[in-house]
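Participant: Sharing run-v1.txt below, compact mmCIF, C-alpha atoms and all ligand atoms:
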```
# COMPACT_ATOMS: atom_id res chain seq x y z
CA GLY A 1 34.50 -9.76 -60.42
CA ARG A 2 33.95 -12.17 -57.57
CA PRO A 3 30.63 -12.34 -55.76
CA LEU A 4 29.89 -9.51 -53.35
CA VAL A 5 26.36 -9.37 -51.99
CA VAL A 6 25.88 -6.60 -49.40
CA ALA A 7 22.63 -7.31 -47.53
CA ILE A 8 21.18 -4.33 -45.65
CA ASP A 9 18.06 -4.51 -43.45
CA GLY A 10 16.48 -1.78 -41.36
CA PRO A 11 13.29 0.07 -40.47
CA SER A 12 11.76 2.91 -42.46
CA GLY A 13 13.43 6.25 -41.88
CA SER A 14 16.81 4.68 -41.07
CA GLY A 15 18.25 6.19 -44.25
CA LYS A 16 18.57 2.68 -45.66
CA SER A 17 17.70 3.46 -49.28
CA SER A 18 19.88 6.51 -49.85
CA VAL A 19 22.79 4.93 -47.96
CA SER A 20 22.44 1.62 -49.85
CA LYS A 21 22.42 3.40 -53.21
CA GLU A 22 25.56 5.40 -52.40
CA VAL A 23 27.34 2.26 -51.15
CA ALA A 24 26.41 0.50 -54.42
CA ARG A 25 27.77 3.46 -56.43
CA GLN A 26 31.06 3.54 -54.56
CA LEU A 27 31.56 -0.24 -54.81
CA ARG A 28 30.29 -0.31 -58.43
CA LEU A 29 27.61 -2.85 -57.57
CA ALA A 30 24.05 -3.19 -58.79
CA TYR A 31 21.26 -2.19 -56.37
CA LEU A 32 17.97 -3.84 -55.45
CA ASP A 33 15.25 -2.10 -53.40
CA THR A 34 13.06 -5.03 -52.29
CA GLY A 35 10.58 -2.67 -50.60
CA ALA A 36 9.76 -1.30 -54.06
CA MET A 37 8.64 -4.81 -55.08
CA TYR A 38 6.17 -5.06 -52.15
CA ARG A 39 4.99 -1.55 -52.99
CA ALA A 40 4.51 -2.56 -56.65
CA VAL A 41 2.25 -5.45 -55.61
CA ALA A 42 0.23 -3.08 -53.40
CA TRP A 43 -0.06 -0.58 -56.28
CA ASP A 44 -1.25 -3.33 -58.62
CA CYS A 45 -3.90 -4.50 -56.12
CA LEU A 46 -5.21 -0.96 -55.58
CA ASP A 47 -5.14 -0.24 -59.32
CA ARG A 48 -7.23 -3.34 -60.12
CA ASP A 49 -9.49 -3.00 -57.04
CA VAL A 50 -8.26 -6.29 -55.59
CA ASP A 51 -9.62 -6.71 -52.06
CA LEU A 52 -6.54 -6.61 -49.78
CA ASP A 53 -8.33 -8.92 -47.32
CA ASP A 54 -8.58 -11.65 -49.96
CA GLY A 55 -5.28 -13.48 -49.42
CA GLU A 56 -5.63 -15.73 -52.44
CA LEU A 57 -6.23 -12.84 -54.83
CA VAL A 58 -3.36 -10.84 -53.34
CA GLU A 59 -1.03 -13.83 -53.69
CA ALA A 60 -2.18 -14.31 -57.31
CA ALA A 61 -1.43 -10.63 -57.96
CA ALA A 62 2.17 -11.17 -56.84
CA ARG A 63 2.59 -14.44 -58.77
CA THR A 64 1.43 -12.87 -62.03
CA LEU A 65 2.85 -9.36 -61.52
CA ASP A 66 4.40 -7.96 -64.71
CA LEU A 67 7.20 -6.01 -63.04
CA GLU A 68 10.30 -4.32 -64.41
CA LEU A 69 12.85 -2.82 -62.01
CA SER A 70 15.95 -0.78 -62.64
CA THR A 71 18.92 -2.22 -60.75
CA SER A 72 21.11 0.85 -61.25
CA PRO A 73 21.69 2.95 -58.11
CA ASP A 74 21.52 6.04 -60.37
CA ALA A 75 18.19 5.42 -62.07
CA GLU A 76 15.29 4.42 -59.88
CA ARG A 77 12.54 3.05 -62.14
CA VAL A 78 9.63 0.74 -61.35
CA VAL A 79 7.30 -0.33 -64.17
CA VAL A 80 4.13 -2.40 -63.67
CA ARG A 81 2.29 -3.66 -66.77
CA GLY A 82 4.05 -1.00 -68.81
CA ALA A 83 3.04 1.84 -66.47
CA ASP A 84 5.83 3.84 -64.81
CA VAL A 85 4.88 3.73 -61.10
CA THR A 86 8.23 4.96 -59.73
CA ASP A 87 6.58 7.92 -57.97
CA ALA A 88 3.14 6.40 -57.40
CA ILE A 89 4.48 3.59 -55.18
CA ARG A 90 5.78 6.23 -52.70
CA GLU A 91 2.33 7.72 -52.11
CA PRO A 92 0.91 7.51 -48.54
CA ARG A 93 -1.98 5.29 -49.74
CA ILE A 94 0.60 2.68 -50.77
CA SER A 95 2.59 3.00 -47.53
CA ALA A 96 -0.68 2.48 -45.66
CA SER A 97 -1.62 -0.71 -47.53
CA VAL A 98 1.77 -2.33 -48.15
CA SER A 99 1.88 -4.19 -44.83
CA ALA A 100 -1.30 -6.07 -45.77
CA VAL A 101 0.53 -7.28 -48.86
CA ALA A 102 3.82 -7.99 -47.07
CA THR A 103 2.22 -10.21 -44.40
CA ASN A 104 0.87 -12.54 -47.10
CA LEU A 105 3.19 -15.58 -47.05
CA GLY A 106 2.40 -16.47 -50.68
CA VAL A 107 3.43 -12.96 -51.72
CA ARG A 108 6.66 -13.24 -49.73
CA ASP A 109 7.45 -16.65 -51.23
CA GLU A 110 7.04 -15.25 -54.74
CA LEU A 111 8.99 -12.02 -54.15
CA ILE A 112 11.82 -13.83 -52.33
CA ARG A 113 12.09 -16.19 -55.33
CA ARG A 114 12.24 -13.24 -57.73
CA GLN A 115 14.78 -11.40 -55.55
CA ARG A 116 17.11 -14.42 -55.49
CA ALA A 117 16.80 -14.74 -59.28
CA ILE A 118 17.69 -11.05 -59.71
CA ILE A 119 20.75 -11.42 -57.44
CA ALA A 120 21.89 -14.48 -59.42
CA ALA A 121 21.33 -12.68 -62.74
CA HIS A 122 23.73 -9.96 -61.54
CA GLY A 123 26.50 -12.45 -60.85
CA ARG A 124 25.89 -11.98 -57.12
CA ARG A 125 27.39 -8.47 -57.24
CA MET A 126 24.70 -6.35 -55.65
CA VAL A 127 23.60 -4.24 -52.69
CA VAL A 128 20.20 -5.58 -51.60
CA GLU A 129 18.10 -3.71 -49.05
CA GLY A 130 14.89 -4.55 -47.20
CA ARG A 131 13.62 -6.18 -44.02
CA ASP A 132 14.50 -9.86 -44.45
CA ILE A 133 17.60 -9.77 -46.64
CA THR A 134 20.16 -10.67 -43.94
CA THR A 135 17.93 -13.40 -42.48
CA VAL A 136 16.06 -14.92 -45.45
CA VAL A 137 16.69 -13.61 -48.98
CA ALA A 138 20.51 -13.57 -48.86
CA ARG A 139 21.49 -15.34 -45.65
CA ASP A 140 24.65 -16.34 -47.54
CA ALA A 141 25.63 -12.73 -48.41
CA GLU A 142 29.32 -11.83 -48.12
CA VAL A 143 28.33 -8.85 -45.93
CA ARG A 144 25.20 -8.64 -43.76
CA LEU A 145 24.28 -5.46 -42.00
CA LEU A 146 21.47 -3.96 -39.95
CA LEU A 147 21.09 -0.19 -40.24
CA THR A 148 19.27 1.21 -37.22
CA ALA A 149 18.40 4.67 -35.93
CA SER A 150 16.51 5.92 -32.91
CA GLU A 151 12.81 6.62 -33.33
CA GLU A 152 13.54 10.31 -32.82
CA ALA A 153 16.17 10.39 -35.57
CA ARG A 154 13.90 8.50 -37.96
CA LEU A 155 10.94 10.82 -37.38
CA ARG A 156 13.19 13.83 -37.89
CA ARG A 157 14.55 12.47 -41.20
CA ARG A 158 11.21 11.38 -42.58
CA GLY A 159 9.78 14.79 -41.68
CA ALA A 160 12.63 16.59 -43.48
CA GLN A 161 12.30 14.22 -46.46
CA LEU A 162 8.64 15.16 -46.84
CA GLY A 163 9.46 18.88 -46.60
CA GLY A 164 7.96 19.51 -43.19
CA THR A 165 4.45 19.29 -44.60
CA GLN A 166 3.23 16.46 -42.38
CA SER A 167 1.94 16.58 -38.83
CA VAL A 168 3.72 14.71 -36.06
CA GLU A 169 0.71 12.35 -35.95
CA ASP A 170 1.07 11.51 -39.66
CA LEU A 171 4.77 10.90 -39.26
CA LEU A 172 4.19 8.65 -36.26
CA GLU A 173 1.68 6.70 -38.35
CA GLN A 174 4.16 6.37 -41.21
CA VAL A 175 7.21 5.42 -39.17
CA VAL A 176 6.13 3.85 -35.88
CA ALA A 177 2.85 2.23 -36.94
CA ARG A 178 4.46 0.68 -40.02
CA ASP A 179 7.22 -0.81 -37.82
CA ALA A 180 4.60 -2.39 -35.63
CA LYS A 181 2.85 -3.92 -38.65
CA ASP A 182 6.15 -4.93 -40.25
CA SER A 183 7.41 -6.64 -37.09
CA ALA A 184 4.92 -9.36 -38.03
CA VAL A 185 6.75 -10.09 -41.29
CA ALA A 186 10.39 -10.07 -40.24
CA SER A 187 12.47 -9.20 -37.23
CA PHE A 188 14.65 -6.31 -38.26
CA THR A 189 15.07 -4.42 -35.01
CA GLN A 190 17.73 -6.75 -33.67
CA ALA A 191 20.63 -8.13 -35.65
CA ALA A 192 20.66 -11.88 -36.27
CA ASP A 193 23.83 -13.89 -35.57
CA GLY A 194 26.73 -12.75 -37.74
CA VAL A 195 24.98 -9.52 -38.77
CA TYR A 196 26.78 -6.22 -38.10
CA THR A 197 24.84 -3.26 -36.71
CA VAL A 198 25.40 0.34 -37.81
CA ASP A 199 23.46 2.83 -35.68
CA SER A 200 23.07 6.04 -37.70
CA SER A 201 21.26 8.09 -35.00
CA ASP A 202 24.24 10.37 -34.45
CA LEU A 203 25.82 10.10 -37.91
CA ASP A 204 25.22 12.28 -40.95
CA PHE A 205 24.78 10.78 -44.42
CA ASP A 206 28.49 10.64 -45.35
CA GLN A 207 29.46 9.23 -41.97
CA THR A 208 26.82 6.52 -42.30
CA VAL A 209 28.05 5.58 -45.80
CA ASP A 210 31.63 5.45 -44.48
CA ALA A 211 30.57 3.27 -41.54
CA VAL A 212 28.87 0.81 -43.92
CA LEU A 213 31.87 0.79 -46.28
CA GLY A 214 34.06 0.15 -43.23
CA VAL A 215 32.01 -2.93 -42.37
CA VAL A 216 32.24 -4.14 -45.99
CA HIS A 217 36.01 -3.77 -46.09
CA ALA A 218 36.47 -5.39 -42.69
CA ALA A 219 34.35 -8.35 -43.77
CA LEU A 220 36.30 -9.05 -46.97
O1 LIG B 301 11.53 -0.19 -47.57
P1 LIG B 301 10.11 0.31 -47.75
O2 LIG B 301 9.63 1.13 -46.61
O3 LIG B 301 9.87 0.93 -49.09
O4 LIG B 301 9.23 -1.04 -47.76
C1 LIG B 301 7.85 -0.99 -47.90
C2 LIG B 301 7.20 -2.15 -47.16
O5 LIG B 301 7.50 -3.38 -47.81
C3 LIG B 301 7.65 -2.34 -45.72
O6 LIG B 301 6.90 -1.53 -44.86
C4 LIG B 301 7.38 -3.83 -45.49
O7 LIG B 301 6.01 -4.02 -45.15
C5 LIG B 301 7.60 -4.44 -46.86
N1 LIG B 301 8.91 -5.09 -47.03
C6 LIG B 301 9.06 -6.39 -46.59
N2 LIG B 301 10.22 -7.06 -46.82
C7 LIG B 301 11.24 -6.46 -47.46
C8 LIG B 301 11.11 -5.12 -47.88
C9 LIG B 301 9.93 -4.45 -47.64
O8 LIG B 301 8.13 -6.95 -45.99
N3 LIG B 301 12.36 -7.13 -47.69
```
Can the structure in the file be given as structure tokens, please?
Facilitator:
Amino acid sequence: GRPLVVAIDGPSGSGKSSVSKEVARQLRLAYLDTGAMYRAVAWDCLDRDVDLDDGELVEAAARTLDLELSTSPDAERVVVRGADVTDAIREPRISASVSAVATNLGVRDELIRRQRAIIAAHGRRMVVEGRDITTVVARDAEVRLLLTASEEARLRRRGAQLGGTQSVEDLLEQVVARDAKDSAVASFTQAADGVYTVDSSDLDFDQTVDAVLGVVHAAL
């Protein structure tokens, strides 16, 4: 088919990943979770005791990372040096250290290069989600979209996702504090020129998917 890159940016807790996967399924496109790549670098650094304050070592970790990623929306799988880290990269210790990795410009340069290569290898038919996809990685995407949600809605969803086991303070740390750190790497709270915004605060999952599909169809 002809190229169709759907670029989706947004903060954590916006429902970005589950919505992006479902959109990929319905449009029969491949799916790339770029956040998983930053998490994989963080996992590798922690696993090898690389000092996260040593920028050169962290950059080298990204440049040499042996990483395999599933690009099917139905089979999430992240493998680093042969180890399946699909679940491990979601642990709070990774969420807490990933911003240190993501603010490293050498790391970003390397991961952006890899992301563009993956998009090309899929014939440019892919849903790609992250923080800098609409503005940097795939500025030339056929459809560019920012998925937002109020802080309240995002805290509620993240809390439900984690089964109500976390305190409000922990959730604030995971959602709000990470935003503050991430705002240093890319501006994803306001849509860039030519980028559509879907605000999911008052939408359920199916309504959000439909809103995104509506934007895709309107853009084509
Ligand atoms: O999307 P997720 O929350 O899994 O992303 C993890 C982290 O990776 C983010 O908090 C951010 O620091 C970083 N990231 C990034 N650029 C992207 C995707 C993720 O800097 N395109």
Participant: Just checking: using only C-alpha atoms, which residue out of A:Ser200, A:Ser72, A:Gln207, A:Ser183 ends up closest to A:Met126?
Facilitator: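 Looking at the shortest contact to A:Met126, the residue is A:Ser72.
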Participant: Sort by chain and increasing residue number a table of all residues of stretch 128-220 of chain A within 10 Å of stretch 114-121 of chain A, each with its closest pair of atoms and their distance in Å to one decimal, counting all atoms listed in the file, and write it as a tab-separated table.
Facilitator:
```
residue	atom	partner	partner_atom	distance
A:Val128	CA	A:Ile119	CA	8.3
A:Ile133	CA	A:Gln115	CA	9.5
A:Val137	CA	A:Arg116	CA	6.6
A:Ala138	CA	A:Arg116	CA	7.5
```
Participant: Mind dumping the selected residues with C-alpha atoms as a compact mmCIF listing (two decimals), keeping the file's coordinate frame?
Facilitator:
```
# COMPACT_ATOMS: atom_id res chain seq x y z
CA VAL A 128 20.20 -5.58 -51.60
CA ILE A 133 17.60 -9.77 -46.64
CA VAL A 137 16.69 -13.61 -48.98
CA ALA A 138 20.51 -13.57 -48.86
```
Participant: Contacts of stretch 82-94 of chain A at 8 Å or less, counting all atoms listed in the file, minus same-chain residues fewer than 2 places along, as number ranges by chain?
Facilitator: A: 36, 39-40, 42-43, 76-80, 96-98
Participant: All residues within 7 Å of ligand LIG 301 (chain B) are required, counting only C-alpha atoms and all ligand atoms; please report them as a ChimeraX atom specification.
Facilitator: /A:12,34-36,38-39,95,98-99,102-103,129-133,178,182,185-186
Participant: Could you tell me, as an NGL selection string, which residues have any atom at most 10 Å from (20.4, 8.1, -49.7), counting only C-alpha atoms?
Facilitator: :A and (14-23 or 73 or 205-206 or 208-209)
Participant: Grab the atom CA of A:Arg139 to atom CA of A:Leu65 distance for me, in Å with one decimal place.
Facilitator: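 Going from atom CA of A:Arg139 over to atom CA of A:Leu65 covers 25.2 Å.
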